[in-house]
>>> print(open('work_18.csv').read())   # CSV, C-alpha atoms
chain,number,residue,atom,x,y,z
A,200,MET,CA,21.5,-28.8,27.8
A,201,LEU,CA,18.0,-28.9,29.4
A,202,THR,CA,15.0,-27.9,27.4
A,203,HIS,CA,13.7,-25.2,29.8
A,204,PRO,CA,16.9,-23.3,30.2
A,205,THR,CA,17.3,-23.3,26.5
A,206,LEU,CA,13.8,-21.9,26.0
A,207,ASP,CA,14.4,-19.3,28.6
A,208,LEU,CA,17.7,-18.3,26.9
A,209,LEU,CA,16.1,-18.0,23.5
A,210,ALA,CA,13.3,-15.9,24.9
A,211,ASP,CA,15.7,-13.6,26.7
A,212,LEU,CA,17.5,-13.1,23.4
A,213,GLY,CA,14.2,-12.2,21.7
A,214,LEU,CA,14.4,-15.4,19.5
A,215,HIS,CA,10.8,-16.3,20.0
A,216,GLY,CA,10.4,-18.1,16.6
A,217,MET,CA,13.4,-20.3,17.5
A,218,ALA,CA,12.0,-20.9,21.0
A,219,LYS,CA,8.6,-22.0,19.6
A,220,GLY,CA,10.4,-24.2,17.0
A,221,PHE,CA,12.6,-25.7,19.7
A,222,HIS,CA,9.6,-26.5,21.9
A,223,ASP,CA,7.8,-28.2,18.9
A,224,LEU,CA,10.8,-30.2,17.9
A,225,ALA,CA,11.6,-31.3,21.4
A,226,GLY,CA,8.1,-32.7,21.6
A,227,ASN,CA,8.3,-34.5,18.3
A,228,PRO,CA,9.6,-38.1,18.5
A,229,GLU,CA,10.7,-38.0,14.9
A,230,ALA,CA,13.0,-35.1,15.6
A,231,VAL,CA,15.6,-37.4,17.3
A,232,SER,CA,16.6,-38.6,13.8
A,233,LEU,CA,17.6,-35.0,12.7
A,234,GLY,CA,21.2,-33.9,12.8
A,235,HIS,CA,22.4,-30.8,14.5
A,236,ALA,CA,22.6,-28.9,11.2
A,237,GLU,CA,19.0,-29.9,10.4
A,238,TRP,CA,17.8,-28.7,13.8
A,239,LEU,CA,19.5,-25.4,13.4
A,240,ALA,CA,18.1,-24.9,9.9
A,241,LEU,CA,14.6,-25.6,11.1
A,242,LEU,CA,14.9,-23.2,14.1
A,243,LEU,CA,16.4,-20.4,11.9
A,244,GLU,CA,13.5,-20.9,9.4
A,245,ARG,CA,11.0,-20.5,12.2
A,246,GLU,CA,12.7,-17.4,13.4
A,247,SER,CA,12.8,-15.9,10.0
A,248,THR,CA,9.2,-16.7,9.3
A,249,LEU,CA,8.0,-15.1,12.6
A,250,ARG,CA,10.1,-11.9,12.0
A,251,GLN,CA,8.7,-11.6,8.4
A,252,GLN,CA,5.2,-11.9,9.7
A,253,LYS,CA,5.8,-9.3,12.4
A,254,ARG,CA,7.3,-6.9,9.9
A,255,PHE,CA,4.3,-7.4,7.6
A,256,GLN,CA,1.8,-6.8,10.5
A,257,SER,CA,3.6,-3.6,11.4
A,258,ARG,CA,3.6,-2.4,7.8
A,259,ALA,CA,-0.1,-3.3,7.3
A,260,LYS,CA,-1.0,-1.4,10.5
A,261,ALA,CA,1.0,1.7,9.6
A,262,ALA,CA,-0.5,1.7,6.1
A,263,LYS,CA,-4.0,2.4,7.6
A,264,LEU,CA,-5.7,0.9,4.6
A,265,ARG,CA,-9.4,1.6,4.3
A,266,HIS,CA,-10.2,-2.0,3.2
A,267,LEU,CA,-8.8,-5.3,4.2
A,268,ALA,CA,-8.4,-6.5,0.6
A,269,ALA,CA,-6.3,-9.1,-1.1
A,270,VAL,CA,-5.3,-9.4,-4.8
A,271,GLU,CA,-6.3,-13.1,-4.6
A,272,ASP,CA,-9.9,-12.1,-4.0
A,273,VAL,CA,-10.3,-9.7,-7.0
A,274,ASP,CA,-13.5,-10.3,-9.0
A,275,TYR,CA,-12.7,-10.4,-12.7
A,276,ARG,CA,-16.1,-11.7,-13.7
A,277,THR,CA,-18.1,-8.5,-13.1
A,278,PRO,CA,-18.0,-6.5,-16.3
A,279,ARG,CA,-16.2,-3.3,-15.3
A,280,GLY,CA,-13.3,-3.1,-17.7
A,281,LEU,CA,-10.6,-4.5,-15.3
A,282,ASP,CA,-7.7,-5.8,-17.3
A,283,ARG,CA,-6.8,-9.1,-15.5
A,284,ALA,CA,-3.3,-9.3,-17.1
A,285,LEU,CA,-2.5,-5.7,-16.1
A,286,PHE,CA,-3.7,-6.1,-12.6
A,287,LEU,CA,-1.8,-9.3,-12.0
A,288,LYS,CA,1.3,-7.5,-13.3
A,289,LEU,CA,0.7,-4.7,-10.8
A,290,ALA,CA,0.2,-7.2,-8.0
A,291,GLY,CA,3.8,-8.2,-8.6
A,292,CYS,CA,4.8,-4.8,-7.2
A,293,ASP,CA,7.8,-4.3,-9.6
A,294,TRP,CA,6.2,-1.0,-10.7
A,295,ILE,CA,6.6,0.3,-7.1
A,296,ARG,CA,10.2,-0.7,-7.0
A,297,GLU,CA,10.6,1.1,-10.3
A,298,ARG,CA,8.9,4.2,-8.7
A,299,ARG,CA,6.1,4.3,-11.2
A,300,HIS,CA,2.5,5.3,-10.5
A,301,CYS,CA,-1.0,3.7,-11.0
A,302,LEU,CA,-4.1,5.8,-11.8
A,303,MET,CA,-7.6,4.4,-11.3
A,304,THR,CA,-10.6,6.1,-12.6
A,305,GLY,CA,-14.3,5.2,-12.9
A,306,PRO,CA,-17.7,5.9,-11.5
A,307,ALA,CA,-18.6,5.5,-7.9
A,308,GLY,CA,-19.0,2.0,-6.6
A,309,VAL,CA,-17.0,0.1,-9.2
A,310,GLY,CA,-14.3,-0.9,-6.6
A,311,LYS,CA,-11.5,1.6,-7.1
A,312,SER,CA,-10.7,2.0,-3.4
A,313,TRP,CA,-10.9,-1.7,-2.8
A,314,LEU,CA,-8.5,-2.5,-5.7
A,315,ALA,CA,-6.1,0.2,-4.5
A,316,CYS,CA,-6.1,-1.2,-1.0
A,317,ALA,CA,-5.6,-4.7,-2.4
A,318,LEU,CA,-2.4,-3.5,-4.2
A,319,GLY,CA,-1.4,-1.7,-1.0
A,320,TYR,CA,-1.9,-4.8,1.1
A,321,LYS,CA,0.2,-6.8,-1.4
A,322,ALA,CA,2.9,-4.2,-1.3
A,323,CYS,CA,3.0,-4.7,2.5
A,324,ARG,CA,3.5,-8.4,1.9
A,325,GLU,CA,6.4,-7.6,-0.4
A,326,ASN,CA,8.2,-5.7,2.3
A,327,LEU,CA,7.3,-2.3,1.0
A,328,SER,CA,6.0,0.6,3.1
A,329,VAL,CA,2.6,1.9,2.3
A,330,LEU,CA,0.4,4.8,3.5
A,331,TYR,CA,-3.3,5.4,2.6
A,332,TRP,CA,-5.1,8.7,2.7
A,333,ARG,CA,-8.5,9.8,1.4
A,334,VAL,CA,-7.7,13.0,-0.4
A,335,PRO,CA,-10.3,15.3,1.3
A,336,ARG,CA,-9.0,14.2,4.8
A,337,LEU,CA,-5.4,14.6,3.7
A,338,PHE,CA,-6.0,18.2,2.6
A,339,ALA,CA,-7.8,18.9,5.9
A,340,ALA,CA,-4.9,17.3,7.8
A,341,LEU,CA,-2.4,19.4,5.9
A,342,ALA,CA,-4.3,22.6,6.6
A,343,LEU,CA,-4.3,21.8,10.3
A,344,ALA,CA,-0.6,20.9,10.2
A,345,ARG,CA,0.2,24.2,8.6
A,346,GLY,CA,-1.4,25.9,11.6
A,347,ASP,CA,0.2,23.9,14.4
A,348,GLY,CA,3.7,23.7,12.9
A,349,SER,CA,3.7,20.1,12.0
A,350,TYR,CA,3.3,20.6,8.2
A,351,ALA,CA,6.9,19.7,7.3
A,352,LYS,CA,6.7,16.6,9.5
A,353,LEU,CA,3.5,15.4,7.7
A,354,LEU,CA,5.1,16.0,4.3
A,355,ARG,CA,8.1,13.9,5.3
A,356,GLN,CA,5.8,11.1,6.4
A,357,LEU,CA,4.1,11.2,3.0
A,358,ALA,CA,7.4,11.3,1.2
A,359,ARG,CA,9.2,8.5,2.9
A,360,VAL,CA,6.8,5.6,2.1
A,361,ASP,CA,7.4,3.4,-1.0
A,362,LEU,CA,3.7,3.6,-2.0
A,363,LEU,CA,1.3,6.5,-1.2
A,364,ILE,CA,-2.4,5.9,-1.9
A,365,LEU,CA,-4.4,9.0,-2.6
A,366,ASP,CA,-8.0,7.8,-2.7
A,367,ASP,CA,-11.1,9.7,-4.0
A,368,TRP,CA,-9.5,12.7,-5.6
A,369,GLY,CA,-12.0,15.3,-7.0
A,370,PRO,CA,-14.4,16.2,-8.4
A,371,GLU,CA,-14.2,19.6,-6.7
A,372,PRO,CA,-11.5,22.0,-8.0
A,373,LEU,CA,-8.6,22.5,-5.7
A,374,LEU,CA,-8.2,25.6,-3.6
A,375,PRO,CA,-4.9,27.5,-4.1
A,376,GLU,CA,-3.5,26.1,-0.8
A,377,GLN,CA,-4.5,22.6,-1.9
A,378,GLN,CA,-2.8,23.1,-5.3
A,379,ARG,CA,0.5,23.9,-3.6
A,380,ASP,CA,0.0,20.9,-1.2
A,381,LEU,CA,-0.4,18.5,-4.0
A,382,LEU,CA,2.6,19.9,-5.9
A,383,GLU,CA,4.7,19.4,-2.7
A,384,ILE,CA,3.5,15.8,-2.4
A,385,VAL,CA,4.1,15.0,-6.1
A,386,GLU,CA,7.5,16.7,-6.2
A,387,ASP,CA,8.7,14.8,-3.1
A,388,ARG,CA,7.7,11.5,-4.7
A,389,TYR,CA,9.1,12.3,-8.2
A,390,SER,CA,11.6,9.4,-9.0
A,391,ALA,CA,11.5,8.6,-5.3
A,392,GLY,CA,8.3,6.8,-4.6
A,393,SER,CA,5.1,5.5,-6.2
A,394,LEU,CA,1.5,6.8,-6.1
A,395,ILE,CA,-1.9,5.2,-6.5
A,396,ILE,CA,-4.5,7.9,-7.3
A,397,THR,CA,-8.2,7.0,-7.6
A,398,SER,CA,-10.8,9.4,-8.9
A,399,GLN,CA,-14.3,9.4,-10.4
A,400,VAL,CA,-13.1,12.1,-12.8
A,401,PRO,CA,-11.5,10.9,-16.1
A,402,ILE,CA,-7.8,11.7,-16.4
A,403,ASP,CA,-8.3,14.2,-19.3
A,404,ARG,CA,-10.2,16.4,-16.8
A,405,TRP,CA,-7.6,16.4,-14.1
A,406,TYR,CA,-6.3,19.7,-15.3
A,407,GLU,CA,-9.7,21.2,-14.5
A,408,ILE,CA,-9.5,19.8,-11.0
A,409,VAL,CA,-6.1,21.4,-10.3
A,410,GLY,CA,-7.4,24.7,-11.7
A,411,ASN,CA,-4.2,26.7,-12.0
A,412,PRO,CA,-2.7,25.9,-15.5
A,413,THR,CA,0.9,26.4,-14.4
A,414,LEU,CA,0.6,24.2,-11.4
A,415,ALA,CA,-1.5,21.7,-13.3
A,416,ASP,CA,1.3,21.2,-15.8
A,417,ALA,CA,3.9,20.9,-13.0
A,418,ILE,CA,1.8,18.3,-11.1
A,419,LEU,CA,0.4,16.2,-13.9
A,420,ASP,CA,3.7,16.1,-15.9
A,421,ARG,CA,5.2,14.3,-12.9
A,422,ILE,CA,2.4,11.8,-12.7
A,423,LEU,CA,1.0,11.0,-16.1
A,424,HIS,CA,4.1,10.1,-18.2
A,425,ASN,CA,5.2,7.4,-15.7
A,426,ALA,CA,1.9,5.7,-14.8
A,427,HIS,CA,-0.2,2.6,-15.4
A,428,ARG,CA,-3.8,3.4,-16.0
A,429,ILE,CA,-6.9,1.4,-15.0
A,430,GLU,CA,-10.1,2.9,-16.4
A,431,LEU,CA,-13.1,1.2,-14.9
A,432,LYS,CA,-16.7,1.5,-16.0
A,433,GLY,CA,-20.1,-0.1,-15.3
A,434,ASP,CA,-22.7,0.0,-12.6
A,435,SER,CA,-22.0,0.3,-8.9
A,436,LEU,CA,-21.1,-3.0,-7.3
A,437,ARG,CA,-22.7,-1.9,-4.1
A,438,LYS,CA,-26.1,-1.5,-5.9
A,439,GLN,CA,-25.7,-5.0,-7.4
A,440,ARG,CA,-25.0,-6.5,-4.1
A,441,ALA,CA,-28.0,-4.7,-2.5
A,442,ALA,CA,-30.2,-5.9,-5.3
A,443,GLY,CA,-28.9,-9.5,-4.9
>>> encode(input="work_18.csv", output="structure tokens")
Amino acid sequence: MLTHPTLDLLADLGLHGMAKGFHDLAGNPEAVSLGHAEWLALLLERESTLRQQKRFQSRAKAAKLRHLAAVEDVDYRTPRGLDRALFLKLAGCDWIRERRHCLMTGPAGVGKSWLACALGYKACRENLSVLYWRVPRLFAALALARGDGSYAKLLRQLARVDLLILDDWGPEPLLPEQQRDLLEIVEDRYSAGSLIITSQVPIDRWYEIVGNPTLADAILDRILHNAHRIELKGDSLRKQRAAG
């Protein structure tokens, strides 16, 4: 079979990884020593790799992460209380598959959002779906959705991902409407999906942020008992970089 018709057929079938592999092998003099099974295995490997890369790119785009961050680039030298062993364990993403949560607290500028996005990016690489929202913008979007009839659709979008990142929660107390929104989100994800929540407010003050004691119990009971905790401290990294 001629090379060009084969390439055209592979392209028509959507097997672009195999087509690229076929083209490369056909131009490699050493490939003539390969058997048919070896050729096929190499072509299938190229196709599988390309499809995995495309799925990853699609998940990363849909996640809308605030930072392009990688767990391999985490700075453990800066004194901010980051437990290296715990973070590397979280980077394995088993806690997401187990539908557990991760809570990050600490002052502004210590890297909570960046670390959350690094875990989100790693989850995308692990074939898990991710969605990032800054909490103030999420509540604003939910308020608009309630008015235009798309509220249920937005809640379904939040509920169906494997990992939902809620960044920058607090310190303002929630309004009654926001309390109910958060309860809906947490209830939908209970035993069904994972959360990363970042906040400048210590966890023992989260009841104050929710405001309503009954709803606070309902919301936080579903989060706290099944969560890893990262409590950061120290000076702002942004200030340190500016000073440097």
>>> atom_distance(input="work_18.csv", atom1="atom CA of A:Ser349", atom2="atom CA of A:Leu302")
28.8 Å
>>> closest_residue(input="work_18.csv", among="A:Asp420, A:Glu325, A:Asp347, A:Glu271", to="A:Ala259", atoms="all atoms listed in the file")
A:Glu325
>>> residues_around(input="work_18.csv", residues="A:His215", least_positions_apart="5", cutoff="10 Å", atoms="all atoms listed in the file", output="ChimeraX atom specification")
/A:206-210,220-221,242,245-246,249-250
>>> write_last_selection(input="work_18.csv", atoms="C-alpha atoms", output="mmCIF file, keeping the file's coordinate frame")
data_model
loop_
_atom_site.group_PDB
_atom_site.id
_atom_site.type_symbol
_atom_site.label_atom_id
_atom_site.label_comp_id
_atom_site.auth_asym_id
_atom_site.auth_seq_id
_atom_site.Cartn_x
_atom_site.Cartn_y
_atom_site.Cartn_z
ATOM 1 C CA LEU A 206 13.800 -21.900 26.000
ATOM 2 C CA ASP A 207 14.400 -19.300 28.600
ATOM 3 C CA LEU A 208 17.700 -18.300 26.900
ATOM 4 C CA LEU A 209 16.100 -18.000 23.500
ATOM 5 C CA ALA A 210 13.300 -15.900 24.900
ATOM 6 C CA GLY A 220 10.400 -24.200 17.000
ATOM 7 C CA PHE A 221 12.600 -25.700 19.700
ATOM 8 C CA LEU A 242 14.900 -23.200 14.100
ATOM 9 C CA ARG A 245 11.000 -20.500 12.200
ATOM 10 C CA GLU A 246 12.700 -17.400 13.400
ATOM 11 C CA LEU A 249 8.000 -15.100 12.600
ATOM 12 C CA ARG A 250 10.100 -11.900 12.000
#
>>> atom_distance(input="work_18.csv", atom1="atom CA of A:Cys301", atom2="atom CA of A:Leu327")
15.8 Å
>>> closest_residue(input="work_18.csv", among="A:Leu233, A:Ala322, A:Leu365, A:Leu423", to="A:Arg336", atoms="all atoms listed in the file")
A:Leu365
>>> atom_distance(input="work_18.csv", atom1="atom CA of A:Trp294", atom2="atom CA of A:Pro335")
26.1 Å
>>> residues_near_point(input="work_18.csv", point="(10.4, 10.2, -13.0)", cutoff="7 Å", atoms="only C-alpha atoms", output="list in words")
Tyr389, Ser390, Arg421 and Asn425 of chain A
>>> closest_residue(input="work_18.csv", among="A:Leu341, A:Leu241, A:Ala230, A:Ala426", to="A:Met217", atoms="all atoms listed in the file")
A:Leu241
>>> closest_residue(input="work_18.csv", among="A:His427, A:Arg254, A:Arg345, A:Arg404", to="A:His300", atoms="all atoms listed in the file")
A:His427
>>> closest_residue(input="work_18.csv", among="A:Val309, A:Ala358, A:Leu374, A:Cys292", to="A:Asp387", atoms="only C-alpha atoms")
A:Ala358
>>> residues_around(input="work_18.csv", residues="A:Ala307", least_positions_apart="6", cutoff="10 Å", atoms="only C-alpha atoms", output="list in words")
Asp367, Ser398, Gln399, Val400, Leu431, Lys432, Gly433, Asp434, Ser435, Leu436 and Arg437 of chain A
>>> build_atoms(input="work_18.csv", residues="stretch 305-333 of chain A", atoms="N, CA and C atoms", output="PDB file, keeping the file's coordinate frame")
ATOM      1  N   GLY A 305     -13.032   5.857 -12.677  1.00  0.00           N
ATOM      2  CA  GLY A 305     -14.300   5.200 -12.900  1.00  0.00           C
ATOM      3  C   GLY A 305     -15.369   5.698 -12.021  1.00  0.00           C
ATOM      4  N   PRO A 306     -16.629   5.387 -12.319  1.00  0.00           N
ATOM      5  CA  PRO A 306     -17.700   5.900 -11.500  1.00  0.00           C
ATOM      6  C   PRO A 306     -17.739   5.347 -10.101  1.00  0.00           C
ATOM      7  N   ALA A 307     -18.550   5.934  -9.252  1.00  0.00           N
ATOM      8  CA  ALA A 307     -18.600   5.500  -7.900  1.00  0.00           C
ATOM      9  C   ALA A 307     -19.122   4.059  -7.777  1.00  0.00           C
ATOM     10  N   GLY A 308     -18.527   3.324  -6.866  1.00  0.00           N
ATOM     11  CA  GLY A 308     -19.000   2.000  -6.600  1.00  0.00           C
ATOM     12  C   GLY A 308     -18.431   0.859  -7.410  1.00  0.00           C
ATOM     13  N   VAL A 309     -17.497   1.157  -8.328  1.00  0.00           N
ATOM     14  CA  VAL A 309     -17.000   0.100  -9.200  1.00  0.00           C
ATOM     15  C   VAL A 309     -15.735  -0.599  -8.538  1.00  0.00           C
ATOM     16  N   GLY A 310     -15.332  -0.161  -7.358  1.00  0.00           N
ATOM     17  CA  GLY A 310     -14.300  -0.900  -6.600  1.00  0.00           C
ATOM     18  C   GLY A 310     -12.896  -0.268  -6.685  1.00  0.00           C
ATOM     19  N   LYS A 311     -12.804   1.008  -7.013  1.00  0.00           N
ATOM     20  CA  LYS A 311     -11.500   1.600  -7.100  1.00  0.00           C
ATOM     21  C   LYS A 311     -10.726   1.597  -5.794  1.00  0.00           C
ATOM     22  N   SER A 312     -11.390   1.992  -4.715  1.00  0.00           N
ATOM     23  CA  SER A 312     -10.700   2.000  -3.400  1.00  0.00           C
ATOM     24  C   SER A 312     -10.312   0.628  -2.971  1.00  0.00           C
ATOM     25  N   TRP A 313     -11.182  -0.346  -3.215  1.00  0.00           N
ATOM     26  CA  TRP A 313     -10.900  -1.700  -2.800  1.00  0.00           C
ATOM     27  C   TRP A 313      -9.682  -2.252  -3.568  1.00  0.00           C
ATOM     28  N   LEU A 314      -9.644  -2.008  -4.864  1.00  0.00           N
ATOM     29  CA  LEU A 314      -8.500  -2.500  -5.700  1.00  0.00           C
ATOM     30  C   LEU A 314      -7.216  -1.785  -5.249  1.00  0.00           C
ATOM     31  N   ALA A 315      -7.295  -0.480  -4.957  1.00  0.00           N
ATOM     32  CA  ALA A 315      -6.100   0.200  -4.500  1.00  0.00           C
ATOM     33  C   ALA A 315      -5.588  -0.336  -3.199  1.00  0.00           C
ATOM     34  N   CYS A 316      -6.511  -0.653  -2.276  1.00  0.00           N
ATOM     35  CA  CYS A 316      -6.100  -1.200  -1.000  1.00  0.00           C
ATOM     36  C   CYS A 316      -5.548  -2.640  -1.176  1.00  0.00           C
ATOM     37  N   ALA A 317      -6.098  -3.397  -2.144  1.00  0.00           N
ATOM     38  CA  ALA A 317      -5.600  -4.700  -2.400  1.00  0.00           C
ATOM     39  C   ALA A 317      -4.112  -4.646  -2.875  1.00  0.00           C
ATOM     40  N   LEU A 318      -3.817  -3.675  -3.742  1.00  0.00           N
ATOM     41  CA  LEU A 318      -2.400  -3.500  -4.200  1.00  0.00           C
ATOM     42  C   LEU A 318      -1.558  -3.006  -3.018  1.00  0.00           C
ATOM     43  N   GLY A 319      -2.117  -2.144  -2.168  1.00  0.00           N
ATOM     44  CA  GLY A 319      -1.400  -1.700  -1.000  1.00  0.00           C
ATOM     45  C   GLY A 319      -1.060  -2.805  -0.037  1.00  0.00           C
ATOM     46  N   TYR A 320      -2.038  -3.678   0.183  1.00  0.00           N
ATOM     47  CA  TYR A 320      -1.900  -4.800   1.100  1.00  0.00           C
ATOM     48  C   TYR A 320      -0.786  -5.767   0.532  1.00  0.00           C
ATOM     49  N   LYS A 321      -0.824  -5.978  -0.792  1.00  0.00           N
ATOM     50  CA  LYS A 321       0.200  -6.800  -1.400  1.00  0.00           C
ATOM     51  C   LYS A 321       1.577  -6.214  -1.297  1.00  0.00           C
ATOM     52  N   ALA A 322       1.656  -4.894  -1.429  1.00  0.00           N
ATOM     53  CA  ALA A 322       2.900  -4.200  -1.300  1.00  0.00           C
ATOM     54  C   ALA A 322       3.490  -4.416   0.147  1.00  0.00           C
ATOM     55  N   CYS A 323       2.610  -4.398   1.150  1.00  0.00           N
ATOM     56  CA  CYS A 323       3.000  -4.700   2.500  1.00  0.00           C
ATOM     57  C   CYS A 323       3.633  -6.074   2.615  1.00  0.00           C
ATOM     58  N   ARG A 324       3.015  -7.032   1.944  1.00  0.00           N
ATOM     59  CA  ARG A 324       3.500  -8.400   1.900  1.00  0.00           C
ATOM     60  C   ARG A 324       4.854  -8.506   1.226  1.00  0.00           C
ATOM     61  N   GLU A 325       5.109  -7.566   0.316  1.00  0.00           N
ATOM     62  CA  GLU A 325       6.400  -7.600  -0.400  1.00  0.00           C
ATOM     63  C   GLU A 325       7.459  -6.734   0.257  1.00  0.00           C
ATOM     64  N   ASN A 326       7.238  -6.445   1.527  1.00  0.00           N
ATOM     65  CA  ASN A 326       8.200  -5.700   2.300  1.00  0.00           C
ATOM     66  C   ASN A 326       8.398  -4.260   1.873  1.00  0.00           C
ATOM     67  N   LEU A 327       7.311  -3.666   1.367  1.00  0.00           N
ATOM     68  CA  LEU A 327       7.300  -2.300   1.000  1.00  0.00           C
ATOM     69  C   LEU A 327       6.421  -1.462   1.903  1.00  0.00           C
ATOM     70  N   SER A 328       6.816  -0.228   2.189  1.00  0.00           N
ATOM     71  CA  SER A 328       6.000   0.600   3.100  1.00  0.00           C
ATOM     72  C   SER A 328       4.913   1.310   2.318  1.00  0.00           C
ATOM     73  N   VAL A 329       3.758   1.424   2.958  1.00  0.00           N
ATOM     74  CA  VAL A 329       2.600   1.900   2.300  1.00  0.00           C
ATOM     75  C   VAL A 329       1.835   2.893   3.251  1.00  0.00           C
ATOM     76  N   LEU A 330       1.183   3.898   2.677  1.00  0.00           N
ATOM     77  CA  LEU A 330       0.400   4.800   3.500  1.00  0.00           C
ATOM     78  C   LEU A 330      -0.870   5.180   2.640  1.00  0.00           C
ATOM     79  N   TYR A 331      -2.035   5.072   3.262  1.00  0.00           N
ATOM     80  CA  TYR A 331      -3.300   5.400   2.600  1.00  0.00           C
ATOM     81  C   TYR A 331      -3.911   6.651   3.157  1.00  0.00           C
ATOM     82  N   TRP A 332      -4.405   7.503   2.262  1.00  0.00           N
ATOM     83  CA  TRP A 332      -5.100   8.700   2.700  1.00  0.00           C
ATOM     84  C   TRP A 332      -6.306   8.921   1.695  1.00  0.00           C
ATOM     85  N   ARG A 333      -7.476   9.240   2.238  1.00  0.00           N
ATOM     86  CA  ARG A 333      -8.500   9.800   1.400  1.00  0.00           C
ATOM     87  C   ARG A 333      -8.156  11.278   1.180  1.00  0.00           C
TER      88      ARG A 333
END
